[in-house]
$ cat start15.tsv   # TSV, C-alpha atoms
chain	number	residue	atom	x	y	z
P	13	MET	CA	-3.57	2.81	-20.62
P	14	LEU	CA	-0.57	2.23	-18.38
P	15	PHE	CA	0.43	-0.55	-15.98
P	16	ASP	CA	2.57	0.50	-13.02
P	17	THR	CA	3.96	-2.90	-12.11
P	18	HIS	CA	5.56	-1.84	-8.81
P	19	ALA	CA	4.30	0.80	-6.37
P	20	HIS	CA	4.19	0.91	-2.56
P	21	TYR	CA	0.87	2.43	-1.54
P	22	ASP	CA	1.28	0.81	1.86
P	23	SER	CA	4.04	3.39	2.50
P	24	HIS	CA	3.45	5.92	5.28
P	25	LYS	CA	4.26	8.61	2.70
P	26	PHE	CA	0.71	8.10	1.39
P	27	ASP	CA	-1.00	8.15	4.79
P	28	ALA	CA	-2.36	11.67	4.35
P	29	ASP	CA	-3.94	11.20	0.92
P	30	ARG	CA	-3.78	7.52	-0.07
P	31	ASP	CA	-7.44	7.25	-1.10
P	32	ALA	CA	-7.30	10.48	-3.09
P	33	VAL	CA	-4.18	9.38	-4.98
P	34	LEU	CA	-5.53	5.93	-5.76
P	35	SER	CA	-8.95	7.17	-6.82
P	36	SER	CA	-7.33	9.62	-9.27
P	37	LEU	CA	-5.24	7.05	-11.14
P	38	PRO	CA	-7.77	5.71	-13.69
P	39	GLU	CA	-8.56	9.21	-14.95
P	40	LYS	CA	-4.81	9.80	-15.31
P	41	GLY	CA	-4.44	6.82	-17.62
P	42	VAL	CA	-3.28	4.16	-15.14
P	43	SER	CA	-5.35	0.99	-15.50
P	44	LEU	CA	-3.37	-1.47	-13.34
P	45	VAL	CA	-0.98	-1.32	-10.37
P	46	VAL	CA	0.83	-4.02	-8.38
P	47	ASN	CA	1.67	-3.20	-4.74
P	48	PRO	CA	4.43	-5.44	-3.32
P	49	GLY	CA	4.90	-5.82	0.42
P	50	CYS	CA	8.28	-5.45	2.11
P	51	ASP	CA	7.51	-7.20	5.42
P	52	LEU	CA	4.60	-9.04	6.99
P	53	GLU	CA	2.75	-5.87	7.97
P	54	SER	CA	3.07	-4.14	4.61
P	55	SER	CA	2.26	-7.37	2.79
P	56	ALA	CA	-0.98	-7.65	4.76
P	57	MET	CA	-1.76	-4.02	3.95
P	58	ALA	CA	-1.05	-4.64	0.25
P	59	VAL	CA	-3.60	-7.47	0.30
P	60	GLU	CA	-6.13	-5.23	2.06
P	61	LEU	CA	-5.65	-2.39	-0.42
P	62	ALA	CA	-6.04	-4.79	-3.35
P	63	GLN	CA	-9.41	-5.83	-1.96
P	64	GLN	CA	-10.53	-2.20	-1.89
P	65	TRP	CA	-9.43	-1.04	-5.36
P	66	PRO	CA	-10.38	-3.03	-8.49
P	67	PHE	CA	-7.27	-2.01	-10.47
P	68	LEU	CA	-4.83	-2.75	-7.63
P	69	TYR	CA	-3.13	-6.12	-7.11
P	70	ALA	CA	-0.77	-7.31	-4.36
P	71	ALA	CA	2.46	-9.20	-3.90
P	72	VAL	CA	3.62	-10.50	-0.52
P	73	GLY	CA	7.19	-10.87	0.66
P	74	VAL	CA	10.01	-9.76	2.91
P	75	HIS	CA	12.51	-7.26	1.53
P	76	PRO	CA	16.22	-7.88	2.23
P	77	GLU	CA	16.40	-4.67	4.28
P	78	ASP	CA	13.57	-5.97	6.48
P	79	CYS	CA	14.63	-9.57	7.05
P	80	ALA	CA	16.63	-9.20	10.29
P	81	ASP	CA	13.88	-10.77	12.42
P	82	TRP	CA	13.03	-13.56	9.97
P	83	GLU	CA	11.64	-16.70	11.62
P	84	ASP	CA	10.93	-20.02	9.95
P	85	ASP	CA	7.19	-19.57	10.42
P	86	TRP	CA	7.22	-16.37	8.37
P	87	ALA	CA	7.10	-18.50	5.21
P	88	ASP	CA	3.86	-20.02	6.53
P	89	LEU	CA	2.46	-16.55	7.24
P	90	LEU	CA	3.35	-15.41	3.72
P	91	ARG	CA	1.74	-18.55	2.34
P	92	GLU	CA	-1.50	-17.64	4.14
P	93	LEU	CA	-1.39	-14.09	2.77
P	94	ALA	CA	-0.73	-15.42	-0.73
P	95	GLU	CA	-4.05	-17.28	-0.64
P	96	ALA	CA	-5.89	-13.98	-1.10
P	97	PRO	CA	-7.46	-13.85	-4.58
P	98	LYS	CA	-5.57	-10.77	-5.86
P	99	VAL	CA	-2.06	-11.78	-4.80
P	100	VAL	CA	-0.12	-12.20	-8.04
P	101	ALA	CA	3.50	-12.66	-6.90
P	102	ILE	CA	5.96	-13.21	-4.07
P	103	GLY	CA	7.82	-9.98	-3.49
P	104	GLU	CA	9.55	-7.77	-2.89
P	105	ILE	CA	12.40	-10.17	-2.15
P	106	GLY	CA	16.09	-10.29	-3.03
P	107	LEU	CA	19.46	-9.00	-1.85
P	108	ASP	CA	20.73	-5.54	-0.93
P	109	TYR	CA	24.43	-5.15	-0.17
P	110	TYR	CA	24.47	-1.37	-0.53
P	111	TRP	CA	23.70	-0.28	3.03
P	112	LYS	CA	26.22	-1.32	5.70
P	113	GLU	CA	23.46	-1.47	8.33
P	114	ASN	CA	21.44	-4.03	6.36
P	115	PRO	CA	21.05	-7.57	7.77
P	116	PRO	CA	24.04	-9.88	7.23
P	117	LYS	CA	24.49	-11.12	3.69
P	118	GLU	CA	24.21	-14.77	4.75
P	119	LEU	CA	20.82	-14.11	6.35
P	120	GLN	CA	19.64	-12.17	3.30
P	121	ARG	CA	20.54	-15.13	1.08
P	122	GLU	CA	18.77	-17.55	3.43
P	123	VAL	CA	15.57	-15.48	3.41
P	124	PHE	CA	15.74	-15.01	-0.36
P	125	CYS	CA	16.06	-18.78	-0.84
P	126	ALA	CA	13.14	-19.49	1.48
P	127	GLN	CA	10.89	-17.15	-0.48
P	128	MET	CA	12.04	-18.48	-3.84
P	129	ALA	CA	11.10	-21.95	-2.57
P	130	LEU	CA	7.70	-20.62	-1.51
P	131	ALA	CA	7.13	-19.10	-4.95
P	132	GLU	CA	8.05	-22.41	-6.56
P	133	GLU	CA	5.61	-24.24	-4.27
P	134	LEU	CA	2.78	-21.80	-5.03
P	135	ASP	CA	3.62	-21.46	-8.73
P	136	LEU	CA	3.84	-17.67	-8.44
P	137	PRO	CA	6.36	-15.33	-10.05
P	138	VAL	CA	8.76	-13.33	-7.89
P	139	ILE	CA	9.68	-9.65	-7.72
P	140	VAL	CA	13.41	-9.33	-7.08
P	141	HIS	CA	15.25	-6.38	-5.52
P	142	ASP	CA	18.93	-6.47	-6.45
P	143	ARG	CA	21.21	-3.70	-5.24
P	144	GLU	CA	24.96	-4.17	-5.43
P	145	ALA	CA	24.41	-7.95	-5.26
P	146	HIS	CA	24.25	-8.94	-8.93
P	147	GLY	CA	26.45	-12.05	-8.73
P	148	ASP	CA	24.72	-13.57	-5.71
P	149	CYS	CA	21.27	-12.76	-7.09
P	150	MET	CA	22.08	-14.54	-10.34
P	151	ASP	CA	23.48	-17.54	-8.46
P	152	LEU	CA	20.24	-17.87	-6.48
P	153	VAL	CA	18.09	-17.43	-9.57
P	154	ARG	CA	19.93	-20.32	-11.21
P	155	GLN	CA	19.26	-22.51	-8.15
P	156	PHE	CA	15.52	-22.24	-8.86
P	157	PRO	CA	15.11	-22.95	-12.59
P	158	ASN	CA	11.35	-23.48	-12.19
P	159	VAL	CA	10.80	-19.99	-10.76
P	160	ARG	CA	10.27	-17.03	-13.06
P	161	GLY	CA	10.28	-13.42	-12.05
P	162	VAL	CA	11.23	-9.83	-12.67
P	163	PHE	CA	14.28	-7.84	-11.60
P	164	HIS	CA	12.55	-4.62	-10.65
P	165	CYS	CA	14.19	-1.19	-10.79
P	166	TYR	CA	16.84	-2.84	-12.93
P	167	SER	CA	20.39	-1.68	-12.20
P	168	GLY	CA	22.53	-4.43	-13.71
P	169	SER	CA	24.41	-4.59	-16.98
P	170	ALA	CA	23.04	-5.25	-20.44
P	171	GLU	CA	24.84	-8.61	-20.40
P	172	MET	CA	23.13	-9.63	-17.16
P	173	ALA	CA	19.77	-8.53	-18.58
P	174	LYS	CA	20.33	-10.75	-21.62
P	175	GLU	CA	21.12	-13.70	-19.34
P	176	LEU	CA	17.96	-13.12	-17.31
P	177	VAL	CA	15.92	-13.01	-20.51
P	178	ARG	CA	17.54	-16.27	-21.61
P	179	LEU	CA	16.42	-17.79	-18.30
P	180	GLY	CA	12.85	-16.63	-18.92
P	181	TRP	CA	12.83	-13.58	-16.66
P	182	MET	CA	11.48	-10.05	-17.12
P	183	ILE	CA	13.23	-6.70	-16.66
P	184	SER	CA	11.45	-3.66	-15.22
P	185	PHE	CA	12.54	-0.04	-15.41
P	186	THR	CA	11.71	2.86	-13.09
P	187	GLY	CA	11.98	6.61	-13.49
P	188	ALA	CA	15.75	6.13	-13.20
P	189	LEU	CA	15.64	5.41	-16.95
P	190	THR	CA	14.93	9.12	-17.46
P	191	TYR	CA	17.91	10.37	-15.45
P	192	PRO	CA	20.74	12.09	-17.35
P	193	ASN	CA	23.34	9.63	-15.98
P	194	ALA	CA	21.28	6.49	-16.73
P	195	ARG	CA	23.76	5.02	-19.22
P	196	LYS	CA	23.60	1.43	-17.86
P	197	ALA	CA	19.81	1.46	-17.69
P	198	VAL	CA	19.55	2.74	-21.26
P	199	GLU	CA	21.97	0.07	-22.49
P	200	ALA	CA	19.94	-2.61	-20.71
P	201	ALA	CA	16.70	-1.27	-22.18
P	202	GLN	CA	18.24	-1.40	-25.63
P	203	ALA	CA	19.33	-5.01	-25.07
P	204	VAL	CA	16.08	-6.46	-23.72
P	205	PRO	CA	13.43	-7.65	-26.20
P	206	LEU	CA	10.20	-5.66	-26.01
P	207	GLU	CA	8.19	-8.68	-24.87
P	208	ARG	CA	10.35	-8.93	-21.72
P	209	VAL	CA	10.13	-5.30	-20.56
P	210	MET	CA	7.88	-3.82	-17.90
P	211	ILE	CA	7.67	-0.32	-16.42
P	212	GLU	CA	7.10	0.87	-12.87
P	213	THR	CA	7.40	3.84	-10.55
P	214	ASP	CA	8.56	2.19	-7.29
P	215	SER	CA	6.35	4.86	-5.71
P	216	PRO	CA	6.80	6.82	-3.53
P	217	TYR	CA	10.45	6.70	-4.65
P	218	MET	CA	12.33	7.18	-7.92
P	219	ALA	CA	10.27	10.01	-9.41
P	220	PRO	CA	11.23	10.47	-13.08
P	221	VAL	CA	12.42	13.58	-14.84
P	222	PRO	CA	10.76	16.15	-14.90
P	223	CYS	CA	9.40	15.39	-11.41
P	224	ARG	CA	12.62	14.23	-9.77
P	225	GLY	CA	12.73	15.03	-6.06
P	226	GLN	CA	8.96	14.87	-5.65
P	227	ARG	CA	6.95	12.09	-4.06
P	228	CYS	CA	6.24	9.65	-6.87
P	229	ASP	CA	2.88	8.06	-7.67
P	230	SER	CA	1.70	5.82	-10.48
P	231	SER	CA	0.56	8.68	-12.70
P	232	LEU	CA	4.23	9.48	-13.31
P	233	VAL	CA	4.91	6.11	-14.95
P	234	VAL	CA	4.02	7.82	-18.24
P	235	HIS	CA	7.44	9.53	-18.21
P	236	THR	CA	9.25	6.20	-17.95
P	237	CYS	CA	7.05	4.83	-20.72
P	238	ALA	CA	7.88	7.84	-22.91
P	239	ARG	CA	11.62	7.36	-22.37
P	240	LEU	CA	11.40	3.64	-23.10
P	241	ALA	CA	9.39	4.41	-26.24
P	242	GLU	CA	12.13	6.80	-27.35
P	243	ILE	CA	14.82	4.17	-26.75
P	244	LYS	CA	12.87	1.50	-28.61
P	245	GLY	CA	11.69	3.74	-31.47
P	246	LEU	CA	8.01	3.44	-30.62
P	247	SER	CA	5.13	5.80	-30.07
P	248	LEU	CA	4.10	6.37	-26.47
P	249	GLU	CA	0.77	4.67	-27.16
P	250	GLU	CA	2.41	1.56	-28.62
P	251	CYS	CA	4.89	1.32	-25.75
P	252	ALA	CA	2.07	1.68	-23.21
P	253	ARG	CA	0.11	-1.09	-24.95
P	254	ILE	CA	3.06	-3.48	-25.09
P	255	THR	CA	4.14	-2.96	-21.47
P	256	LEU	CA	0.51	-3.31	-20.32
P	257	GLU	CA	0.21	-6.62	-22.15
P	258	ASN	CA	3.58	-7.77	-20.79
P	259	GLY	CA	2.54	-6.99	-17.23
P	260	ARG	CA	-0.82	-8.71	-17.61
P	261	ARG	CA	0.85	-11.82	-19.00
P	262	PHE	CA	3.57	-11.88	-16.34
P	263	TYR	CA	1.17	-11.47	-13.42
P	264	ASN	CA	-1.57	-13.59	-15.03
P	265	ILE	CA	-4.11	-10.79	-14.84
P	266	SER	CA	-6.95	-11.25	-17.31
$ encode --input "start15.tsv" --output "structure tokens"
Amino acid sequence: MLFDTHAHYDSHKFDADRDAVLSSLPEKGVSLVVNPGCDLESSAMAVELAQQWPFLYAAVGVHPEDCADWEDDWADLLRELAEAPKVVAIGEIGLDYYWKENPPKELQREVFCAQMALAEELDLPVIVHDREAHGDCMDLVRQFPNVRGVFHCYSGSAEMAKELVRLGWMISFTGALTYPNARKAVEAAQAVPLERVMIETDSPYMAPVPCRGQRCDSSLVVHTCARLAEIKGLSLEECARITLENGRRFYNIS
């Protein structure tokens, strides 16, 4: 059985068939899914969906692309959402310097810090989005030595991955690991110990080969698992078991 540790079923791209997709996942070999929010609205929806589906869990947070309107009381609102019984992390949070139209970098860092502090207060792990902001993300991680988390959809170097592992963090790979030009991702996957690796789809985005270009859902995480198994010299079944156990341990899901 597979654990898709990061999928956005709150996305409008699932509005037409969300229930049908979710109900089909167990028969397709997916036993657990974590749905992170990206703003207050999607975080609330993630909590609601987790209440409806026994295999679905939620994370609550404000994504760097969605932090332009951040107010100080948003941390309090996230804290209230995090009280729900199936919230397992603060996320998706982090930094994104790729898009010019994103909120200012200083504001992104401020919001990231506020949510790292919230995670520390609540003793929850964090789900970090890092795009073209590796140095600043690492600086902020080091400011919160008591917080542990995962760099999702990992895009950094093998050296950075090793440093995150040394700090007690996890690394998660999407379908990008299957892409022909995924040299950095493959090198990072080779460098990270098996007990620190998770897999995800980032649905509805990042569909793996051979489904690239399609809307992604959690059933496609098997392709990322197969590629990781190939890199690590494992069978698909063994890789699925290890990444399932890693995800359960990280998110404290019994």
$ closest_residue --input "start15.tsv" --among "P:Ala131, P:Ala145, P:Ala70, P:Ala194" --to "P:Leu107" --atoms "only C-alpha atoms"
P:Ala145
$ residues_around --input "start15.tsv" --residues "P:Phe262" --least-positions-apart "2" --cutoff "12 Å" --atoms "only C-alpha atoms" --output "PyMOL selection string"
chain P and resi 15+17+46+100-101+136-139+160-162+180-184+207-210+255-260+264-266
$ closest_residue --input "start15.tsv" --among "P:Leu179, P:Glu53, P:Trp65, P:Gly187" --to "P:Leu37" --atoms "all atoms listed in the file"
P:Trp65
$ residues_around --input "start15.tsv" --residues "P:Lys98" --least-positions-apart "6" --cutoff "9 Å" --atoms "all atoms listed in the file" --output "short mmCIF file (atom, residue, chain, number, x, y, z; two decimals) with C-alpha atoms, keeping the file's coordinate frame"
data_model
loop_
_atom_site.label_atom_id
_atom_site.label_comp_id
_atom_site.auth_asym_id
_atom_site.auth_seq_id
_atom_site.Cartn_x
_atom_site.Cartn_y
_atom_site.Cartn_z
CA VAL P 59 -3.60 -7.47 0.30
CA ALA P 62 -6.04 -4.79 -3.35
CA GLN P 63 -9.41 -5.83 -1.96
CA LEU P 68 -4.83 -2.75 -7.63
CA TYR P 69 -3.13 -6.12 -7.11
CA ALA P 70 -0.77 -7.31 -4.36
CA ALA P 71 2.46 -9.20 -3.90
#
$ residues_around --input "start15.tsv" --residues "stretch 110-117 of chain P" --least-positions-apart "5" --cutoff "6 Å" --atoms "all atoms listed in the file" --output "PyMOL selection string"
chain P and resi 77+80+144
$ closest_residue --input "start15.tsv" --among "P:Gly168, P:Gly106, P:Pro48, P:Gly147" --to "P:Glu212" --atoms "only C-alpha atoms"
P:Pro48
$ residues_around --input "start15.tsv" --residues "P:Val123" --least-positions-apart "4" --cutoff "9 Å" --atoms "only C-alpha atoms" --output "list in words"
Val74, His75, Pro76, Cys79, Trp82, Ile105, Gly106, Glu118, Leu119, Gln127 and Met128 of chain P
$ atom_distance --input "start15.tsv" --atom1 "atom CA of P:Asn47" --atom2 "atom CA of P:Leu34"
11.7 Å
$ closest_residue --input "start15.tsv" --among "P:Ser231, P:Asn193, P:Gln226, P:Ala201" --to "P:Gly245" --atoms "only C-alpha atoms"
P:Ala201
